[in-house]
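> Below is the file entry-v5.cif, with mmCIF, C-alpha atoms.
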data_protein
loop_
_atom_site.label_atom_id
_atom_site.label_comp_id
_atom_site.auth_asym_id
_atom_site.auth_seq_id
_atom_site.Cartn_x
_atom_site.Cartn_y
_atom_site.Cartn_z
CA MET A 29 0.00 0.00 0.00
CA THR A 30 1.08 3.55 -0.62
CA LYS A 31 1.66 5.56 2.52
CA ARG A 32 -0.44 8.70 2.62
CA VAL A 33 0.09 11.79 4.68
CA VAL A 34 -2.86 14.02 5.52
CA PRO A 35 -1.58 17.54 6.23
CA ILE A 36 -4.32 18.66 8.62
CA VAL A 37 -2.46 21.55 10.23
CA GLN A 38 -1.49 23.02 6.88
CA LYS A 39 -5.11 22.89 5.74
CA ILE A 40 -6.33 24.69 8.84
CA MET A 41 -3.71 27.40 8.45
CA SER A 42 -4.55 27.78 4.78
CA ALA A 43 -8.24 28.26 5.60
CA ASN A 44 -7.31 31.01 8.05
CA ASP A 45 -4.92 32.62 5.58
CA GLN A 46 -7.53 32.50 2.82
CA ILE A 47 -10.05 34.37 4.98
CA ALA A 48 -7.28 36.78 6.03
CA ALA A 49 -6.60 37.48 2.34
CA GLU A 50 -10.32 38.22 1.82
CA ILE A 51 -10.30 40.59 4.80
CA HIS A 52 -7.21 42.31 3.37
CA LYS A 53 -8.97 42.85 0.03
CA GLN A 54 -12.07 44.16 1.75
CA LEU A 55 -10.07 46.63 3.86
CA ASN A 56 -8.23 47.84 0.75
CA LYS A 57 -11.51 48.22 -1.16
CA TYR A 58 -12.87 50.56 1.52
CA ARG A 59 -9.45 52.20 2.02
CA VAL A 60 -9.43 51.33 5.69
CA PHE A 61 -5.89 51.34 7.09
CA SER A 62 -5.62 48.64 9.74
CA MET A 63 -3.25 47.70 12.54
CA ASN A 64 -3.10 44.50 14.60
CA PHE A 65 -1.87 45.24 18.15
CA MET A 66 -0.21 42.32 19.90
CA ALA A 67 1.41 42.15 23.36
CA SER A 68 1.76 40.34 26.66
CA PRO A 69 -1.13 40.86 29.08
CA GLY A 70 -0.83 44.32 30.58
CA ALA A 71 1.88 45.72 28.30
CA GLY A 72 -0.38 48.63 27.37
CA LYS A 73 -2.32 47.78 24.19
CA THR A 74 -5.56 49.30 25.45
CA SER A 75 -3.81 52.36 26.90
CA LEU A 76 -2.10 53.03 23.56
CA ILE A 77 -5.42 52.59 21.77
CA GLU A 78 -7.08 55.07 24.14
CA LEU A 79 -4.34 57.65 23.50
CA THR A 80 -4.36 57.10 19.74
CA VAL A 81 -8.13 57.36 19.50
CA LYS A 82 -8.24 60.52 21.62
CA GLU A 83 -5.53 62.16 19.48
CA LEU A 84 -7.06 61.27 16.11
CA THR A 85 -10.81 61.15 16.67
CA ASP A 86 -11.42 64.83 15.83
CA ASN A 87 -10.26 64.38 12.25
CA LEU A 88 -10.61 60.68 11.53
CA LYS A 89 -13.19 57.92 11.92
CA LEU A 90 -11.75 55.14 14.08
CA SER A 91 -12.99 51.65 14.78
CA VAL A 92 -11.54 49.26 17.34
CA ILE A 93 -12.03 45.51 17.59
CA ASP A 94 -10.97 44.14 20.99
CA GLY A 95 -10.15 40.47 21.46
CA ASP A 96 -10.22 39.05 24.97
CA ILE A 97 -10.91 35.77 26.73
CA ALA A 98 -13.64 37.45 28.80
CA THR A 99 -15.22 40.83 29.69
CA SER A 100 -15.78 43.95 27.59
CA ILE A 101 -13.39 46.10 29.64
CA ASP A 102 -11.15 46.96 26.70
CA ALA A 103 -13.91 47.79 24.21
CA ASP A 104 -15.58 49.95 26.87
CA ARG A 105 -12.32 51.91 27.24
CA ALA A 106 -11.90 52.31 23.46
CA ALA A 107 -15.53 53.44 23.11
CA ALA A 108 -15.14 55.94 25.96
CA ALA A 109 -12.11 57.38 24.13
CA GLY A 110 -14.26 58.02 21.06
CA ALA A 111 -13.96 54.99 18.77
CA HIS A 112 -16.63 52.70 17.41
CA ALA A 113 -15.70 49.61 19.42
CA ILE A 114 -16.57 45.93 19.11
CA GLN A 115 -15.61 43.34 21.73
CA VAL A 116 -14.82 39.78 20.68
CA ASN A 117 -14.79 37.28 23.55
CA THR A 118 -12.82 34.28 22.39
CA GLY A 119 -14.19 32.11 25.21
CA GLY A 120 -10.81 30.63 26.06
CA GLU A 121 -9.01 30.86 22.71
CA CYS A 122 -5.54 32.35 23.11
CA HIS A 123 -5.57 34.47 19.94
CA LEU A 124 -7.79 36.12 17.36
CA ASP A 125 -8.10 34.34 14.03
CA ALA A 126 -9.39 35.55 10.68
CA VAL A 127 -12.83 33.95 11.17
CA MET A 128 -13.36 35.86 14.44
CA LEU A 129 -12.20 39.08 12.79
CA ARG A 130 -14.52 38.57 9.82
CA SER A 131 -17.50 38.19 12.19
CA ALA A 132 -16.56 41.36 14.05
CA LEU A 133 -16.08 43.30 10.81
CA GLU A 134 -19.69 42.57 9.86
CA GLN A 135 -20.65 44.93 12.68
CA ILE A 136 -18.53 47.79 11.37
CA ASP A 137 -19.40 50.25 8.61
CA LEU A 138 -16.12 50.11 6.70
CA GLY A 139 -17.26 52.89 4.36
CA ALA A 140 -17.33 55.15 7.44
CA THR A 141 -13.96 54.04 8.85
CA ASP A 142 -10.51 55.51 8.18
CA LEU A 143 -8.46 53.58 10.71
CA LEU A 144 -9.14 50.16 12.22
CA ILE A 145 -7.21 48.97 15.25
CA VAL A 146 -7.50 45.31 16.19
CA GLU A 147 -6.44 44.52 19.74
CA ASN A 148 -5.40 40.90 19.86
CA VAL A 149 -5.62 38.66 22.94
CA GLY A 150 -2.84 39.36 25.47
CA ASN A 151 -0.30 36.68 24.58
CA LEU A 152 3.28 36.83 23.23
CA ILE A 153 3.05 33.49 21.45
CA CYS A 154 -0.11 32.31 19.70
CA PRO A 155 -1.25 35.52 17.94
CA ALA A 156 1.99 35.53 15.90
CA SER A 157 0.83 32.36 14.13
CA PHE A 158 -2.49 33.67 12.83
CA GLN A 159 -2.65 36.13 9.95
CA LEU A 160 -5.65 38.46 10.20
CA GLY A 161 -5.36 40.36 6.93
CA THR A 162 -4.55 43.68 8.61
CA HIS A 163 -1.91 45.96 7.05
CA ILE A 164 0.48 46.41 9.94
CA ASN A 165 1.43 44.20 12.88
CA VAL A 166 2.43 46.24 15.92
CA LEU A 167 3.94 44.75 19.07
CA ILE A 168 3.64 46.66 22.32
CA SER A 169 6.37 45.59 24.73
CA SER A 170 6.95 47.16 28.15
CA THR A 171 10.01 47.69 30.30
CA PRO A 172 8.82 45.74 33.41
CA GLU A 173 8.56 42.60 31.23
CA GLY A 174 12.34 42.44 31.07
CA ASP A 175 14.96 42.90 28.37
CA ASP A 176 15.21 39.20 27.42
CA LYS A 177 11.83 38.96 25.70
CA PRO A 178 13.03 39.20 22.06
CA TYR A 179 15.40 36.29 22.73
CA LYS A 180 12.71 34.18 24.40
CA TYR A 181 9.79 34.96 22.07
CA PRO A 182 11.53 35.25 18.68
CA GLN A 183 8.56 34.43 16.46
CA MET A 184 6.58 37.40 17.73
CA TYR A 185 9.45 39.82 17.20
CA GLN A 186 10.04 38.48 13.69
CA ASN A 187 6.45 38.96 12.57
CA ILE A 188 5.94 42.64 13.31
CA ASP A 189 6.19 45.89 11.29
CA ALA A 190 6.58 48.26 14.23
CA LEU A 191 7.51 47.98 17.91
CA VAL A 192 6.31 50.18 20.75
CA ILE A 193 8.39 50.03 23.94
CA ASN A 194 5.94 51.24 26.56
CA LYS A 195 6.41 52.23 30.23
CA ILE A 196 9.77 53.96 29.74
CA ASP A 197 8.82 56.06 32.80
CA LEU A 198 9.54 52.90 34.84
CA LEU A 199 13.13 52.56 33.55
CA PRO A 200 14.65 53.97 36.79
CA HIS A 201 12.69 51.39 38.80
CA VAL A 202 13.19 48.17 36.82
CA ASP A 203 16.14 46.12 35.56
CA PHE A 204 15.84 46.71 31.83
CA ASP A 205 18.91 47.09 29.61
CA LEU A 206 17.54 48.89 26.54
CA ASP A 207 20.69 48.20 24.48
CA TYR A 208 20.49 44.44 25.15
CA PHE A 209 16.78 44.46 24.32
CA LEU A 210 17.27 46.38 21.05
CA LYS A 211 20.21 44.15 20.08
CA GLY A 212 17.86 41.15 20.26
CA VAL A 213 15.24 42.99 18.21
CA GLU A 214 17.82 43.94 15.56
CA ILE A 215 18.97 40.33 15.17
CA LEU A 216 15.39 39.12 14.63
CA ASN A 217 13.98 42.03 12.66
CA PRO A 218 16.71 44.30 11.23
CA GLY A 219 15.83 47.96 10.88
CA LEU A 220 12.47 47.61 12.66
CA THR A 221 10.76 50.92 13.41
CA ASN A 222 10.47 51.38 17.17
CA PHE A 223 8.92 53.92 19.52
CA GLN A 224 9.98 54.42 23.11
CA LEU A 225 7.15 55.99 25.08
CA SER A 226 5.02 56.03 28.18
CA CYS A 227 1.25 55.90 27.89
CA ARG A 228 1.13 57.05 31.52
CA THR A 229 3.29 60.20 31.28
CA LYS A 230 2.69 60.72 27.51
CA GLU A 231 6.47 61.00 26.95
CA GLY A 232 7.30 59.92 23.39
CA VAL A 233 3.66 59.48 22.35
CA GLU A 234 3.79 62.32 19.81
CA SER A 235 6.30 60.42 17.58
CA TRP A 236 3.96 57.43 17.55
CA ILE A 237 0.95 59.57 16.64
CA GLN A 238 2.88 61.26 13.82
CA TRP A 239 3.92 57.85 12.49
CA VAL A 240 0.31 56.64 12.50
CA ILE A 241 -0.81 59.80 10.67
CA GLY A 242 2.03 59.40 8.17
CA SER A 243 1.14 55.74 7.57
CA LEU A 244 -2.51 56.67 7.06
CA THR A 245 -1.64 59.54 4.70
CA SER A 246 0.59 57.40 2.52
CA PHE A 247 -1.90 54.53 2.48
CA THR A 248 -3.50 54.21 -0.93
CA GLY A 249 -5.53 51.08 -0.36
CA GLU A 250 -2.99 49.07 -2.28
CA ILE A 251 -0.65 47.68 0.38
CA MET B 30 -26.57 5.72 8.40
CA THR B 31 -25.88 6.35 12.05
CA LYS B 32 -24.19 9.64 12.73
CA ARG B 33 -20.96 9.22 14.66
CA VAL B 34 -19.06 11.78 16.65
CA VAL B 35 -15.32 11.36 17.16
CA PRO B 36 -14.31 13.31 20.27
CA ILE B 37 -10.72 14.11 19.28
CA VAL B 38 -10.13 16.96 21.70
CA GLN B 39 -11.37 14.98 24.67
CA LYS B 40 -9.09 12.09 23.76
CA ILE B 41 -6.05 14.35 23.54
CA MET B 42 -6.81 15.92 26.90
CA SER B 43 -7.35 12.51 28.46
CA ALA B 44 -3.96 11.32 27.18
CA ASN B 45 -2.32 14.36 28.76
CA ASP B 46 -4.22 13.88 32.02
CA GLN B 47 -3.30 10.20 32.14
CA ILE B 48 0.41 11.00 31.84
CA ALA B 49 -0.05 13.81 34.41
CA ALA B 50 -1.55 11.25 36.81
CA GLU B 51 1.49 8.98 36.28
CA ILE B 52 3.83 11.91 36.97
CA HIS B 53 1.85 12.69 40.14
CA LYS B 54 2.25 9.09 41.37
CA GLN B 55 5.95 9.12 40.56
CA LEU B 56 6.52 12.38 42.47
CA ASN B 57 4.61 11.01 45.46
CA LYS B 58 6.60 7.77 45.37
CA TYR B 59 9.87 9.69 45.67
CA ARG B 60 8.33 12.24 48.09
CA VAL B 61 9.20 15.12 45.79
CA PHE B 62 7.03 18.15 46.52
CA SER B 63 6.37 19.97 43.26
CA MET B 64 5.08 23.37 42.17
CA ASN B 65 4.03 24.55 38.69
CA PHE B 66 4.81 28.27 38.26
CA MET B 67 2.64 30.06 35.70
CA ALA B 68 2.59 33.75 34.69
CA SER B 69 2.58 36.31 31.91
CA PRO B 70 5.95 36.87 30.25
CA GLY B 71 8.13 38.92 32.57
CA ALA B 72 5.96 38.74 35.71
CA GLY B 73 8.88 37.33 37.68
CA LYS B 74 8.72 33.51 37.61
CA THR B 75 12.47 33.11 37.14
CA SER B 76 13.31 35.81 39.69
CA LEU B 77 11.12 34.09 42.30
CA ILE B 78 12.75 30.76 41.48
CA GLU B 79 16.21 32.30 41.90
CA LEU B 80 15.26 33.71 45.31
CA THR B 81 13.58 30.49 46.46
CA VAL B 82 16.52 28.33 45.38
CA LYS B 83 19.05 30.63 47.05
CA GLU B 84 17.08 30.59 50.32
CA LEU B 85 16.52 26.84 50.45
CA THR B 86 19.53 25.29 48.73
CA ASP B 87 21.62 24.96 51.92
CA ASN B 88 19.18 22.54 53.50
CA LEU B 89 17.22 21.06 50.61
CA LYS B 90 17.87 19.49 47.21
CA LEU B 91 16.10 21.51 44.54
CA SER B 92 15.43 20.78 40.89
CA VAL B 93 14.02 23.23 38.36
CA ILE B 94 12.49 22.46 34.96
CA ASP B 95 12.21 25.57 32.77
CA GLY B 96 9.82 25.70 29.84
CA ASP B 97 10.42 28.30 27.15
CA ILE B 98 9.85 28.77 23.44
CA ALA B 99 13.58 29.34 22.95
CA THR B 100 16.92 29.88 24.77
CA SER B 101 18.22 28.43 28.04
CA ILE B 102 18.31 31.81 29.82
CA ASP B 103 15.95 30.71 32.61
CA ALA B 104 17.59 27.35 33.34
CA ASP B 105 20.99 29.08 33.37
CA ARG B 106 19.68 31.48 36.04
CA ALA B 107 18.17 28.66 38.13
CA ALA B 108 21.42 26.64 37.89
CA ALA B 109 23.50 29.68 38.88
CA ALA B 110 21.28 30.05 41.97
CA GLY B 111 22.11 26.51 43.00
CA ALA B 112 19.44 24.19 41.59
CA HIS B 113 19.75 21.22 39.29
CA ALA B 114 18.13 22.79 36.22
CA ILE B 115 16.73 21.39 32.99
CA GLN B 116 15.60 23.57 30.08
CA VAL B 117 12.72 22.46 27.88
CA ASN B 118 12.43 24.37 24.62
CA THR B 119 8.89 23.89 23.35
CA GLY B 120 9.84 25.08 19.86
CA GLY B 121 6.79 27.31 19.50
CA GLU B 122 4.31 25.55 21.78
CA CYS B 123 2.60 27.99 24.13
CA HIS B 124 2.57 25.77 27.23
CA LEU B 125 4.19 22.76 28.86
CA ASP B 126 2.25 19.51 28.69
CA ALA B 127 2.63 16.28 30.63
CA VAL B 128 4.60 14.57 27.84
CA MET B 129 7.22 17.34 27.84
CA LEU B 130 7.44 17.22 31.63
CA ARG B 131 7.83 13.42 31.62
CA SER B 132 10.78 13.72 29.19
CA ALA B 133 12.42 16.37 31.36
CA LEU B 134 11.89 14.31 34.54
CA GLU B 135 13.92 11.47 33.00
CA GLN B 136 16.95 13.72 33.40
CA ILE B 137 16.36 14.31 37.11
CA ASP B 138 17.31 12.01 40.00
CA LEU B 139 14.03 12.15 41.90
CA GLY B 140 15.52 10.16 44.77
CA ALA B 141 17.90 13.08 45.31
CA THR B 142 15.26 15.83 45.03
CA ASP B 143 13.17 17.38 47.82
CA LEU B 144 11.51 20.19 45.88
CA LEU B 145 10.77 20.44 42.17
CA ILE B 146 9.78 23.75 40.61
CA VAL B 147 8.41 23.67 37.07
CA GLU B 148 8.50 27.03 35.31
CA ASN B 149 5.83 27.00 32.64
CA VAL B 150 5.94 29.01 29.40
CA GLY B 151 5.12 32.70 29.92
CA ASN B 152 1.44 32.81 29.02
CA LEU B 153 -1.71 33.63 31.04
CA ILE B 154 -3.97 31.41 28.95
CA CYS B 155 -2.83 28.06 27.56
CA PRO B 156 -0.90 26.60 30.53
CA ALA B 157 -4.14 26.64 32.60
CA SER B 158 -5.59 23.96 30.30
CA PHE B 159 -2.84 21.37 30.72
CA GLN B 160 -2.46 19.36 33.92
CA LEU B 161 1.15 18.43 34.63
CA GLY B 162 0.73 16.23 37.71
CA THR B 163 2.50 18.67 40.03
CA HIS B 164 1.12 19.22 43.55
CA ILE B 165 0.60 22.96 43.59
CA ASN B 166 -0.21 25.49 40.85
CA VAL B 167 1.24 28.92 41.61
CA LEU B 168 0.45 32.03 39.60
CA ILE B 169 2.90 34.91 39.67
CA SER B 170 1.15 38.15 38.78
CA SER B 171 2.80 41.59 38.83
CA THR B 172 1.55 45.09 39.49
CA PRO B 173 2.57 46.65 36.12
CA GLU B 174 0.29 44.13 34.35
CA GLY B 175 -2.75 45.97 35.67
CA ASP B 176 -5.50 45.22 38.17
CA ASP B 177 -8.00 43.88 35.62
CA LYS B 178 -6.18 40.61 34.91
CA PRO B 179 -8.32 38.28 37.10
CA TYR B 180 -11.42 39.54 35.28
CA LYS B 181 -9.87 39.11 31.83
CA TYR B 182 -8.09 35.78 32.38
CA PRO B 183 -10.51 33.96 34.71
CA GLN B 184 -9.51 30.39 33.89
CA MET B 185 -5.94 30.94 35.06
CA TYR B 186 -7.05 32.48 38.35
CA GLN B 187 -9.51 29.65 38.96
CA ASN B 188 -6.93 26.91 38.50
CA ILE B 189 -4.31 27.94 41.05
CA ASP B 190 -3.52 27.02 44.67
CA ALA B 191 -1.48 30.10 45.54
CA LEU B 192 -0.98 33.58 44.08
CA VAL B 193 2.15 35.71 44.25
CA ILE B 194 1.66 39.40 43.53
CA ASN B 195 5.15 40.51 42.51
CA LYS B 196 6.67 43.96 41.94
CA ILE B 197 4.87 45.67 44.81
CA ASP B 198 7.83 48.08 44.90
CA LEU B 199 6.36 49.57 41.69
CA LEU B 200 2.96 50.35 43.30
CA PRO B 201 3.75 54.09 43.64
CA HIS B 202 4.62 54.22 39.92
CA VAL B 203 1.78 52.24 38.30
CA ASP B 204 -2.01 52.39 38.23
CA PHE B 205 -2.86 49.27 40.19
CA ASP B 206 -5.82 49.11 42.57
CA LEU B 207 -4.95 46.20 44.87
CA ASP B 208 -8.49 46.03 46.32
CA TYR B 209 -10.09 45.78 42.87
CA PHE B 210 -7.55 43.13 41.87
CA LEU B 211 -8.11 41.06 45.03
CA LYS B 212 -11.89 41.39 44.67
CA GLY B 213 -11.65 39.73 41.26
CA VAL B 214 -9.42 36.99 42.67
CA GLU B 215 -11.86 36.35 45.55
CA ILE B 216 -14.79 35.95 43.14
CA LEU B 217 -12.90 33.40 41.05
CA ASN B 218 -11.01 31.57 43.77
CA PRO B 219 -12.41 32.27 47.27
CA GLY B 220 -9.92 32.21 50.13
CA LEU B 221 -6.91 31.81 47.84
CA THR B 222 -3.56 32.15 49.63
CA ASN B 223 -1.71 35.18 48.30
CA PHE B 224 1.70 36.78 48.83
CA GLN B 225 2.49 40.40 48.10
CA LEU B 226 6.20 40.82 47.52
CA SER B 227 8.99 42.25 45.44
CA CYS B 228 11.69 39.97 44.07
CA ARG B 229 13.75 43.13 43.42
CA THR B 230 13.68 44.68 46.93
CA LYS B 231 13.01 41.33 48.73
CA GLU B 232 10.08 42.94 50.60
CA GLY B 233 7.55 40.25 51.54
CA VAL B 234 9.71 37.37 50.27
CA GLU B 235 10.17 35.86 53.74
CA SER B 236 6.43 35.00 54.06
CA TRP B 237 6.60 33.18 50.73
CA ILE B 238 9.70 31.23 51.78
CA GLN B 239 8.09 30.24 55.08
CA TRP B 240 4.99 29.06 53.22
CA VAL B 241 7.11 26.91 50.88
CA ILE B 242 8.97 25.41 53.85
CA GLY B 243 5.65 24.78 55.63
CA SER B 244 4.17 23.11 52.55
CA LEU B 245 7.26 20.93 52.19
CA THR B 246 7.24 19.97 55.87
CA SER B 247 3.58 18.96 55.85
CA PHE B 248 3.96 17.05 52.57
CA THR B 249 3.75 13.33 53.18
CA GLY B 250 3.83 12.12 49.59
CA GLU B 251 0.12 11.53 49.68
CA ILE B 252 -1.40 14.72 48.29
#
Have the structure of the file written as structure tokens, please.


Amino acid sequence: MTKRVVPIVQKIMSANDQIAAEIHKQLNKYRVFSMNFMASPGAGKTSLIELTVKELTDNLKLSVIDGDIATSIDADRAAAAGAHAIQVNTGGECHLDAVMLRSALEQIDLGATDLLIVENVGNLICPASFQLGTHINVLISSTPEGDDKPYKYPQMYQNIDALVINKIDLLPHVDFDLDYFLKGVEILNPGLTNFQLSCRTKEGVESWIQWVIGSLTSFTGEI
Amino acid sequence: MTKRVVPIVQKIMSANDQIAAEIHKQLNKYRVFSMNFMASPGAGKTSLIELTVKELTDNLKLSVIDGDIATSIDADRAAAAGAHAIQVNTGGECHLDAVMLRSALEQIDLGATDLLIVENVGNLICPASFQLGTHINVLISSTPEGDDKPYKYPQMYQNIDALVINKIDLLPHVDFDLDYFLKGVEILNPGLTNFQLSCRTKEGVESWIQWVIGSLTSFTGEI
């Protein structure tokens, strides 16, 4: 008999990637620039979303999709900041996938959206394996997490387009060697754009906001 | 035709739980008291292990099994502190499972071990779903992660026997409402033993050490 191999995992990933490609097309069609925020629990995804929404909401239409195991705490915060916000409760799943995002997008008027921020589930591992079809992957790291994280979670650092290093106001109070951290990032993702800021004190936030505006301005719906 | 349901997931979980039960028996046989440390990336699992090993290594034989996606940074730190340390690289997997732990245990002389600490992969979600056969599940949380974590990651907080709240030295510098945090913990896991400490300043560490010694002393190999 001939030995047969059934590549189940590959098929599942392909199904996700196919839906992600459809989402990507849809976002381009409506010229919605989109970012997927990933991070450890508590690194500051929601705080950065709040700041970004508050800064941009006067001139732009923002939508936020928040992924969490449970509660609507994050979507409530994004909505209070001024965004149209949708909460996705994954019910135990450790990441967002393209099917979940597609369902959430059905509740958003893409024709009335300029910028979409997707807040993934707080997890430095699993979200890196699931394409969502968004334009930019952003990782929010934070100084109290420690400077060894790029070395220990390489896949996440390899799969991002921009890095935010949050909580720099805590640098005097934590053991975090920024040079060692950035050396690890450079090995995994050479030339990666990074922002060093504090959502709490607002230090460094302006550079991030200008980068988001620049990315939006140069976005033609053809990325 | 009769419709048939093949419960794949349940079978996989049962296989894991069966091996976990074997590990549990083996640890009891050799009277090795064992703790499974779980946490977000950077909450302080390795720092707490370093402190615990340094405090206890004069009078007890300690072994540490470190689970990580990549590198041997954590096992190197545990070994430097004085423990027999084994690194498990999961190669992308977001948690330790009983099969991985069984393989690592083959490299440890259980007859010459009093206390085994297993450091799980840094992740607040997936490790809660995989029994390892250890005696105690300990969650290390940390103040910079935010006070909403019990509400957002309920399964983890429900499945633990003790909680360490690390980085209390940062309380003046972060927005962390300890009462709100503990209220969430109490809802999910009433009466849970908790320790408020700082691995950096050593404040509160003594209570934790005394609790570990007490748990070890009362352990008869029949938990």

> Scan for residues within 8 Å of the point (-18.6, 45.2, 15.2) in the coordinates of the file, using only C-alpha atoms, and reply as a compact mmCIF listing (two decimals) with C-alpha atoms, in the coordinates of the input.


# COMPACT_ATOMS: atom_id res chain seq x y z
CA ILE A 93 -12.03 45.51 17.59
CA ALA A 113 -15.70 49.61 19.42
CA ILE A 114 -16.57 45.93 19.11
CA GLN A 115 -15.61 43.34 21.73
CA SER A 131 -17.50 38.19 12.19
CA ALA A 132 -16.56 41.36 14.05
CA LEU A 133 -16.08 43.30 10.81
CA GLU A 134 -19.69 42.57 9.86
CA GLN A 135 -20.65 44.93 12.68
CA ILE A 136 -18.53 47.79 11.37

> Specify as number ranges by chain all residues of chain B found within 9 Å of chain A, counting all atoms listed in the file.

B: 69-73, 97-102, 121-123, 151-155, 173-178, 180-184, 196, 198-199, 202-204, 229

> Would you pick out the contacts of A:Lys89 at 10 Å or less, using only C-alpha atoms, so that residues sharing its chain but fewer than 2 positions from it are not included, and give the list as a ChimeraX atom specification?

/A:60,81,84-87,91,110-112,138-144

> So what do you get for atom CA of A:Gln224 versus atom CA of A:Ser243, distance-wise?

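The value is 17.9 Å.
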
> B:Val193: which residues within 8 Å, counting all atoms listed in the file, same-chain residues fewer than 5 positions away excluded, as a list of chain:residue names?

B:Val167, B:Leu168, B:Ile169, B:Ser170, B:Asn223, B:Phe224, B:Gln225, B:Leu226

> Based on the selection just made, write C-alpha atoms of those residues as a CSV table (one decimal), in the coordinates of the input.


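After the write, out_30.csv holds the following:
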chain,number,residue,atom,x,y,z
B,167,VAL,CA,1.2,28.9,41.6
B,168,LEU,CA,0.4,32.0,39.6
B,169,ILE,CA,2.9,34.9,39.7
B,170,SER,CA,1.2,38.2,38.8
B,223,ASN,CA,-1.7,35.2,48.3
B,224,PHE,CA,1.7,36.8,48.8
B,225,GLN,CA,2.5,40.4,48.1
B,226,LEU,CA,6.2,40.8,47.5

> I would like the residues chosen by the PyMOL selection byres ((chain A and resi 51) around 12) on the shown file; could you give them as a VMD selection string?

chain A and resid 44 to 50 52 to 62 125 to 134 138 159 to 163

> Would you mind reading off the distance between atom CA of A:Ala103 and atom CA of A:Leu88, one decimal, in Å?

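Going from atom CA of A:Ala103 over to atom CA of A:Leu88, I get 18.4 Å.
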
> Which one is closest to B:Val93: B:Ile189, B:Ile146, B:Val117, B:Cys228? Count all atoms listed in the file.

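Of all the options, B:Ile146 lies closest to B:Val93.
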
> Between atom CA of A:Met63 and atom CA of A:Ile77, what is the distance, to one decimal in Å?

10.7 Å

> Identify which of the residues B:Asp138, B:Glu148, B:Glu232, B:Glu215 lies closest to B:Ala107, counting all atoms listed in the file when measuring atom-to-atom distances.

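Between B:Asp138, B:Glu148, B:Glu232, B:Glu215, the residue approaching B:Ala107 most closely is B:Glu148.
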
> I need the residue nearest A:Thr118 from this list: A:Leu79, A:Asn165, A:Leu244, A:Gly95. Use all atoms listed in the file for the distance.

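Answer, going by the shortest atom-to-atom distance: A:Gly95.
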
> Do a neighbour search on B:Val214 at 7 Å with all atoms listed in the file, toss out local chain neighbours closer than 3 positions, and write the hits as a PyMOL selection string.

chain B and resi 179+186+210-211+217-218
